[in-house]
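As provided, protein-v4.cif (mmCIF, C-alpha atoms) reads as follows.
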data_my_file
loop_
_atom_site.label_atom_id
_atom_site.label_comp_id
_atom_site.auth_asym_id
_atom_site.auth_seq_id
_atom_site.Cartn_x
_atom_site.Cartn_y
_atom_site.Cartn_z
CA MET A 1 121.81 42.95 125.03
CA ASP A 2 123.91 44.83 122.51
CA GLU A 3 125.38 47.87 124.27
CA VAL A 4 125.86 49.93 121.10
CA SER A 5 125.58 53.63 121.96
CA PRO A 6 123.33 56.22 120.25
CA ARG A 7 126.50 57.84 118.89
CA GLU A 8 127.58 54.55 117.30
CA VAL A 9 124.11 54.18 115.78
CA LEU A 10 124.49 57.63 114.21
CA LEU A 11 127.99 56.83 112.95
CA LYS A 12 126.66 53.77 111.16
CA HIS A 13 123.65 55.69 109.83
CA GLY A 14 126.00 58.32 108.43
CA ARG A 15 123.68 61.34 108.32
CA TRP A 16 121.25 63.48 110.28
CA VAL A 17 118.09 61.61 111.23
CA GLY A 18 114.64 62.51 112.54
CA ALA A 19 113.86 61.92 116.22
CA THR A 20 111.27 59.19 115.61
CA GLU A 21 113.44 57.25 113.18
CA PHE A 22 116.47 57.63 115.45
CA ALA A 23 114.56 56.23 118.42
CA LYS A 24 113.50 53.22 116.37
CA LEU A 25 117.09 52.63 115.22
CA VAL A 26 118.41 52.76 118.79
CA ALA A 27 115.56 50.57 120.05
CA GLU A 28 116.34 47.97 117.39
CA LYS A 29 120.09 47.96 118.07
CA ARG A 30 119.70 47.84 121.87
CA SER A 31 116.66 45.53 121.89
CA VAL A 32 114.74 47.98 124.07
CA SER A 33 111.43 49.83 123.81
CA ASP A 34 111.08 53.15 121.97
CA ARG A 35 110.57 54.83 125.34
CA GLN A 36 113.83 53.43 126.69
CA ALA A 37 115.58 54.37 123.45
CA LYS A 38 114.44 58.00 123.86
CA THR A 39 115.88 58.04 127.36
CA LEU A 40 119.22 56.74 126.03
CA ILE A 41 119.18 59.38 123.30
CA SER A 42 118.39 62.13 125.79
CA LYS A 43 121.29 61.07 128.00
CA ALA A 44 123.66 60.92 125.02
CA TYR A 45 122.64 64.45 124.06
CA PHE A 46 122.99 65.72 127.64
CA ASP A 47 126.48 64.14 127.76
CA ARG A 48 127.32 65.95 124.47
CA GLU A 49 127.95 62.68 122.64
CA ILE A 50 125.51 63.64 119.88
CA ARG A 51 123.97 66.82 118.50
CA LYS A 52 120.37 67.89 118.17
CA HIS A 53 118.71 70.54 116.01
CA VAL A 54 115.15 71.83 116.19
CA PHE A 55 113.77 73.47 113.04
CA PRO A 56 111.31 76.40 113.15
CA ASP A 57 108.40 73.98 112.71
CA ARG A 58 109.73 72.09 115.77
CA THR A 59 110.93 69.09 113.78
CA VAL A 60 113.74 67.49 115.79
CA ILE A 61 116.76 65.83 114.16
CA TYR A 62 119.92 64.26 115.56
CA GLY A 63 123.42 64.00 114.15
CA LEU A 64 127.15 64.36 114.77
CA ALA A 65 129.55 67.26 114.24
CA GLU A 66 131.25 65.36 111.43
CA PHE A 67 128.00 65.28 109.46
CA GLY A 68 128.22 69.04 108.93
CA PRO A 69 125.23 71.38 109.27
CA PRO A 70 121.78 69.88 108.70
CA THR A 71 119.70 70.90 105.72
CA GLY A 72 117.85 74.14 106.44
CA GLU A 73 118.15 76.57 109.31
CA ALA A 74 118.20 74.92 112.74
CA THR A 75 118.62 75.94 116.30
CA HIS A 76 119.03 74.24 119.69
CA ILE A 77 116.27 74.49 122.24
CA ASP A 78 117.50 77.10 124.68
CA ALA A 79 117.45 75.67 128.20
CA GLY A 80 116.18 79.02 129.41
CA ALA A 81 113.41 79.39 126.83
CA PRO A 82 109.91 80.05 128.22
CA GLU A 83 108.55 76.81 126.71
CA VAL A 84 111.11 74.76 128.60
CA GLU A 85 110.22 76.38 131.91
CA TRP A 86 106.49 75.93 131.23
CA VAL A 87 106.99 72.21 130.64
CA ARG A 88 109.21 71.86 133.71
CA LYS A 89 106.63 73.59 135.91
CA GLY A 90 103.75 71.61 134.38
CA LEU A 91 105.62 68.38 135.10
CA GLU A 92 106.26 69.30 138.73
CA ASP A 93 102.70 70.53 139.28
CA LEU A 94 101.30 67.21 138.03
CA ARG A 95 103.76 65.20 140.11
CA PHE A 96 102.41 66.91 143.22
CA GLU A 97 98.83 66.53 141.99
CA PHE A 98 99.39 62.79 141.60
CA ARG A 99 101.11 62.73 145.03
CA PHE A 100 104.17 61.15 143.34
CA PHE A 101 102.28 57.88 142.89
CA ARG A 102 103.20 57.93 139.20
CA GLU A 103 104.77 60.14 136.54
CA PRO A 104 102.58 62.32 134.28
CA THR A 105 102.24 61.31 130.62
CA VAL A 106 103.29 63.52 127.70
CA LYS A 107 99.62 64.23 126.93
CA GLU A 108 98.87 65.19 130.53
CA VAL A 109 101.76 67.67 130.62
CA ALA A 110 100.77 69.01 127.19
CA CYS A 111 97.19 69.61 128.38
CA ARG A 112 98.42 71.31 131.54
CA VAL A 113 100.71 73.77 129.71
CA GLY A 114 98.61 74.17 126.56
CA MET A 115 101.31 73.07 124.11
CA ARG A 116 101.44 70.53 121.29
CA PRO A 117 102.31 67.01 122.57
CA GLU A 118 105.21 66.58 120.13
CA ILE A 119 106.85 69.76 121.44
CA VAL A 120 106.26 68.77 125.07
CA GLU A 121 107.65 65.29 124.41
CA SER A 122 110.86 66.73 122.97
CA VAL A 123 111.36 69.01 125.97
CA LEU A 124 110.51 66.30 128.52
CA TYR A 125 113.08 63.92 127.09
CA GLU A 126 115.65 66.69 126.92
CA LEU A 127 115.05 67.50 130.59
CA ALA A 128 114.86 63.82 131.62
CA PRO A 129 118.50 63.47 132.78
CA LYS A 130 117.89 66.29 135.26
CA THR A 131 114.24 65.72 136.22
CA GLY A 132 114.29 61.90 136.27
CA TRP A 133 111.05 61.85 134.26
CA GLU A 134 110.09 58.91 132.11
CA GLU A 135 106.83 57.99 130.40
CA PRO A 136 104.64 55.85 132.72
CA HIS A 137 104.86 52.19 131.75
CA GLU A 138 102.97 48.95 132.30
CA ASN A 139 104.25 48.37 135.83
CA ALA A 140 103.39 51.92 137.02
CA GLU A 141 100.97 50.56 139.65
CA LYS A 142 103.52 48.08 141.01
CA MET A 143 106.10 50.84 141.31
CA ALA A 144 103.53 53.06 143.04
CA VAL A 145 102.95 50.30 145.61
CA ASP A 146 106.70 50.13 146.25
CA VAL A 147 106.88 53.93 146.58
CA ILE A 148 103.97 54.20 149.03
CA ASN A 149 105.10 51.26 151.18
CA LEU A 150 108.67 52.56 151.24
CA ALA A 151 107.36 55.90 152.53
CA GLY A 152 106.09 53.99 155.57
CA TRP A 153 109.53 52.56 156.30
CA LEU A 154 111.27 55.91 155.78
CA CYS A 155 108.85 57.51 158.22
CA TRP A 156 109.43 54.74 160.75
CA LYS A 157 113.21 55.25 160.47
CA GLN A 158 112.78 58.96 161.17
CA ARG A 159 111.20 58.18 164.54
CA ASN A 160 114.42 56.48 165.71
CA GLU A 161 112.56 53.75 167.58
CA GLN A 162 114.68 51.02 169.18
CA ASN A 163 113.35 47.81 167.65
CA PRO A 164 115.97 45.52 166.08
CA GLN A 165 113.43 43.44 164.15
CA MET A 166 111.72 46.48 162.68
CA GLN A 167 115.11 48.03 161.96
CA ALA A 168 116.12 44.95 160.00
CA LEU A 169 112.88 45.06 157.97
CA ALA A 170 113.25 48.79 157.29
CA ASP A 171 116.87 48.35 156.17
CA ARG A 172 115.81 45.47 153.92
CA GLU A 173 113.04 47.42 152.21
CA ILE A 174 115.12 50.60 151.80
CA GLY A 175 118.07 48.59 150.51
CA ARG A 176 115.89 46.95 147.85
CA ALA A 177 114.52 50.25 146.53
CA SER A 178 115.69 51.88 143.31
CA LYS A 179 116.85 55.50 143.33
CA GLU A 180 113.61 56.61 141.67
CA THR A 181 111.46 54.71 144.18
CA LEU A 182 113.43 56.26 147.03
CA ARG A 183 113.13 59.75 145.54
CA ARG A 184 109.36 59.56 145.20
CA ALA A 185 108.88 57.95 148.63
CA GLN A 186 110.86 60.79 150.23
CA LYS A 187 108.62 63.30 148.45
CA ILE A 188 105.54 61.65 149.95
CA VAL A 189 107.05 61.68 153.46
CA GLU A 190 108.08 65.34 153.12
CA ASN A 191 104.90 66.69 151.51
CA TYR A 192 102.06 64.29 152.35
CA PRO A 193 102.68 62.69 155.76
CA ASP A 194 98.95 61.94 156.04
CA LEU A 195 99.33 59.50 153.13
CA VAL A 196 102.17 57.52 154.72
CA PRO A 197 101.13 53.93 155.64
CA SER A 198 101.61 52.34 159.04
CA VAL A 199 104.17 49.53 159.12
CA SER A 200 104.71 46.60 161.47
CA LEU A 201 106.45 43.24 161.52
CA GLN A 202 103.36 41.55 160.06
CA GLU A 203 101.69 44.07 157.76
CA ILE A 204 101.57 47.43 156.02
CA VAL A 205 98.25 49.29 156.13
CA TRP A 206 97.41 52.36 154.05
CA PRO A 207 95.32 55.26 155.38
CA GLU A 208 91.89 55.70 153.80
CA LYS A 209 93.11 58.96 152.20
CA THR A 210 95.88 57.02 150.46
CA LYS A 211 93.39 54.48 149.13
CA SER A 212 91.15 57.26 147.84
CA MET A 213 94.07 59.01 146.13
CA TRP A 214 95.13 55.71 144.54
CA THR A 215 91.66 55.31 143.01
CA GLU A 216 91.78 58.92 141.79
CA VAL A 217 95.20 58.47 140.17
CA PHE A 218 94.83 54.95 138.75
CA GLY A 219 91.08 54.44 138.55
CA SER A 220 91.31 51.12 140.37
CA GLU A 221 90.85 49.78 143.90
CA ALA A 222 93.82 50.21 146.21
CA PRO A 223 95.70 46.95 146.95
CA SER A 224 96.27 47.58 150.70
CA PRO A 225 96.86 45.86 153.14
CA PHE A 226 100.12 43.96 152.66
CA TRP A 227 101.30 40.96 154.65
CA GLU A 228 104.87 39.90 155.35
CA THR A 229 105.89 36.62 153.64
CA ASP A 230 109.09 34.85 152.68
CA ALA A 231 108.98 36.93 149.48
CA GLY A 232 108.53 40.22 151.33
CA PHE A 233 105.32 42.22 151.79
CA VAL A 234 102.58 41.25 149.34
CA SER A 235 98.96 42.32 149.00
CA LEU A 236 96.08 40.16 150.17
CA GLU A 237 95.09 39.64 146.53
CA GLU A 238 98.57 38.39 145.62
CA LEU A 239 98.68 36.24 148.72
CA SER A 240 95.39 34.56 147.83
CA LYS A 241 96.94 33.38 144.55
CA LYS A 242 99.74 31.46 146.31
CA PRO A 243 98.70 27.81 146.98
CA ALA A 244 100.75 27.62 150.17
CA TYR A 245 98.78 30.47 151.70
CA ARG A 246 95.24 29.63 150.58
CA GLN A 247 94.55 27.31 153.49
CA LEU A 248 96.05 29.83 155.91
CA LEU A 249 93.75 32.55 154.56
CA ARG A 250 90.72 30.27 154.84
CA ASP A 251 91.63 29.43 158.42
CA PHE A 252 92.20 33.11 159.18
#
How does the structure come out when it is put into structure tokens?
Amino acid sequence: MDEVSPREVLLKHGRWVGATEFAKLVAEKRSVSDRQAKTLISKAYFDREIRKHVFPDRTVIYGLAEFGPPTGEATHIDAGAPEVEWVRKGLEDLRFEFRFFREPTVKEVACRVGMRPEIVESVLYELAPKTGWEEPHENAEKMAVDVINLAGWLCWKQRNEQNPQMQALADREIGRASKETLRRAQKIVENYPDLVPSVSLQEIVWPEKTKSMWTEVFGSEAPSPFWETDAGFVSLEELSKKPAYRQLLRDF
């Protein structure tokens, strides 16, 4: 993957550019999705590598100091502006409403705060380096499974039980987790202990409340329970697809 930075993309472009076009340019140069490109741009702006201007009609453009002032009057979004705080609060409210199973979409936050999606999107990506928000993607359900199951292991660790085998499994699952997965799992443990699954050497089982919330958030049937295999804990549905385990499941 070409590691060209958003700043280098702007240098080659040579002039101020609209947010949508800039995201496409970065996505093309980095061979990433538009969503990932927006995250890279947001980080570059937060790190003061590039500049951003927002016109009175909320059109967002990006550039560099050496490009000079953009055409027309422009202003930065003030981090303390009411709109920014509304979006931040709307984001956090929805995260709790979804029990941290997944991130809210731009449209969901826009509906919650009563603002235009394009404005909300700009603010969300600007806040992303601090909030950790990113637009939900195709593997949102898989990540939610990892988050919920990890909450079970974090809860088990908190009990300080003396069980070397369980300790090894807990350390394995926690060690595999990304920072975002760990953050969301901790939120579940802290705020919704009744949703935390039970864990053992053989399986992970979700409470009925967790299954109901999953259906509410994703509109699909919850994948619990999960069985321990050589590849880690997998759902019964996944297990049934593995030839080596089909006979075992039939016998069981």
Result set, the PyMOL selection byres ((chain A and resi 25-28) around 10) on current file, as number ranges by chain: A: 2, 4-10, 13, 17, 19-24, 29-38, 40-41
Between atom CA of A:Gly18 and atom CA of A:Pro104 - distance in Å to one decimal: 24.9 Å
Matched chain/residue IDs from the PyMOL selection byres ((chain A and resi 195) around 7), as a JSON list (two decimals) with C-alpha atoms, in the coordinates of the input:
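The result, written out as selection_12.json:
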[["chain", "number", "residue", "atom", "x", "y", "z"],
["A", 192, "TYR", "CA", 102.06, 64.29, 152.35],
["A", 193, "PRO", "CA", 102.68, 62.69, 155.76],
["A", 194, "ASP", "CA", 98.95, 61.94, 156.04],
["A", 196, "VAL", "CA", 102.17, 57.52, 154.72],
["A", 197, "PRO", "CA", 101.13, 53.93, 155.64],
["A", 207, "PRO", "CA", 95.32, 55.26, 155.38],
["A", 209, "LYS", "CA", 93.11, 58.96, 152.20],
["A", 210, "THR", "CA", 95.88, 57.02, 150.46]]
Give me the result of the PyMOL selection byres ((chain A and resi 176-187) around 7) on this file, residue by residue, as a PDB file with C-alpha atoms, in the coordinates of the input.
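Writing the result to result.pdb gives the following:
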ATOM      1  CA  PHE A 100     104.170  61.150 143.340  1.00  0.00           C
ATOM      2  CA  ASP A 146     106.700  50.130 146.250  1.00  0.00           C
ATOM      3  CA  VAL A 147     106.880  53.930 146.580  1.00  0.00           C
ATOM      4  CA  ILE A 148     103.970  54.200 149.030  1.00  0.00           C
ATOM      5  CA  LEU A 150     108.670  52.560 151.240  1.00  0.00           C
ATOM      6  CA  ALA A 151     107.360  55.900 152.530  1.00  0.00           C
ATOM      7  CA  ARG A 172     115.810  45.470 153.920  1.00  0.00           C
ATOM      8  CA  GLU A 173     113.040  47.420 152.210  1.00  0.00           C
ATOM      9  CA  ILE A 174     115.120  50.600 151.800  1.00  0.00           C
ATOM     10  CA  GLY A 175     118.070  48.590 150.510  1.00  0.00           C
ATOM     11  CA  ILE A 188     105.540  61.650 149.950  1.00  0.00           C
ATOM     12  CA  VAL A 189     107.050  61.680 153.460  1.00  0.00           C
ATOM     13  CA  GLU A 190     108.080  65.340 153.120  1.00  0.00           C
ATOM     14  CA  ASN A 191     104.900  66.690 151.510  1.00  0.00           C
TER      15      ASN A 191
END
Of the listed residues A:Met213, A:Val113, A:Val54, A:Ala140, that which approaches A:Arg99 most closely, counting all atoms listed in the file: A:Met213
Residue among A:Glu203, A:Glu208, A:Gln158, A:Gly14 lying closest to A:Glu221, counting only C-alpha atoms: A:Glu208
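Distance-wise, atom CA of A:Phe233 and atom CA of A:Glu103 end up 23.5 Å apart.
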Residue nearest A:Glu138 - candidates A:Glu108, A:Val123, A:Ser212, A:Phe218, atoms counted: all atoms listed in the file: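 Counting all atoms listed in the file, the residue closest to A:Glu138 is A:Phe218.
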Pick from A:Ser122, A:Thr59, A:Thr131, A:Thr105 nearest to A:Lys89, counting only C-alpha atoms: A:Thr131
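Of note, atom CA of A:Glu97 and atom CA of A:Gly114 are spaced 17.2 Å apart.
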Selected residue, from A:Ser220, A:Asn139, A:Gln165, A:Thr39, that lies nearest to A:Ser200 when counting all atoms listed in the file: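 Of A:Ser220, A:Asn139, A:Gln165, A:Thr39, the one nearest A:Ser200, counting all atoms listed in the file, is A:Gln165.
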Close residues, A:Trp86 itself excluded, 12 Å, all atoms listed in the file, min 4 positions apart in chain, as a list in words: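 The neighbour list is Ala79, Gly80, Ala81, Pro82, Gly90, Leu91, Glu92, Asp93, Val109, Ala110, Cys111, Arg112, Val113, Gly114, Met115, Ile119, Val120, Val123 and Leu124 of chain A.
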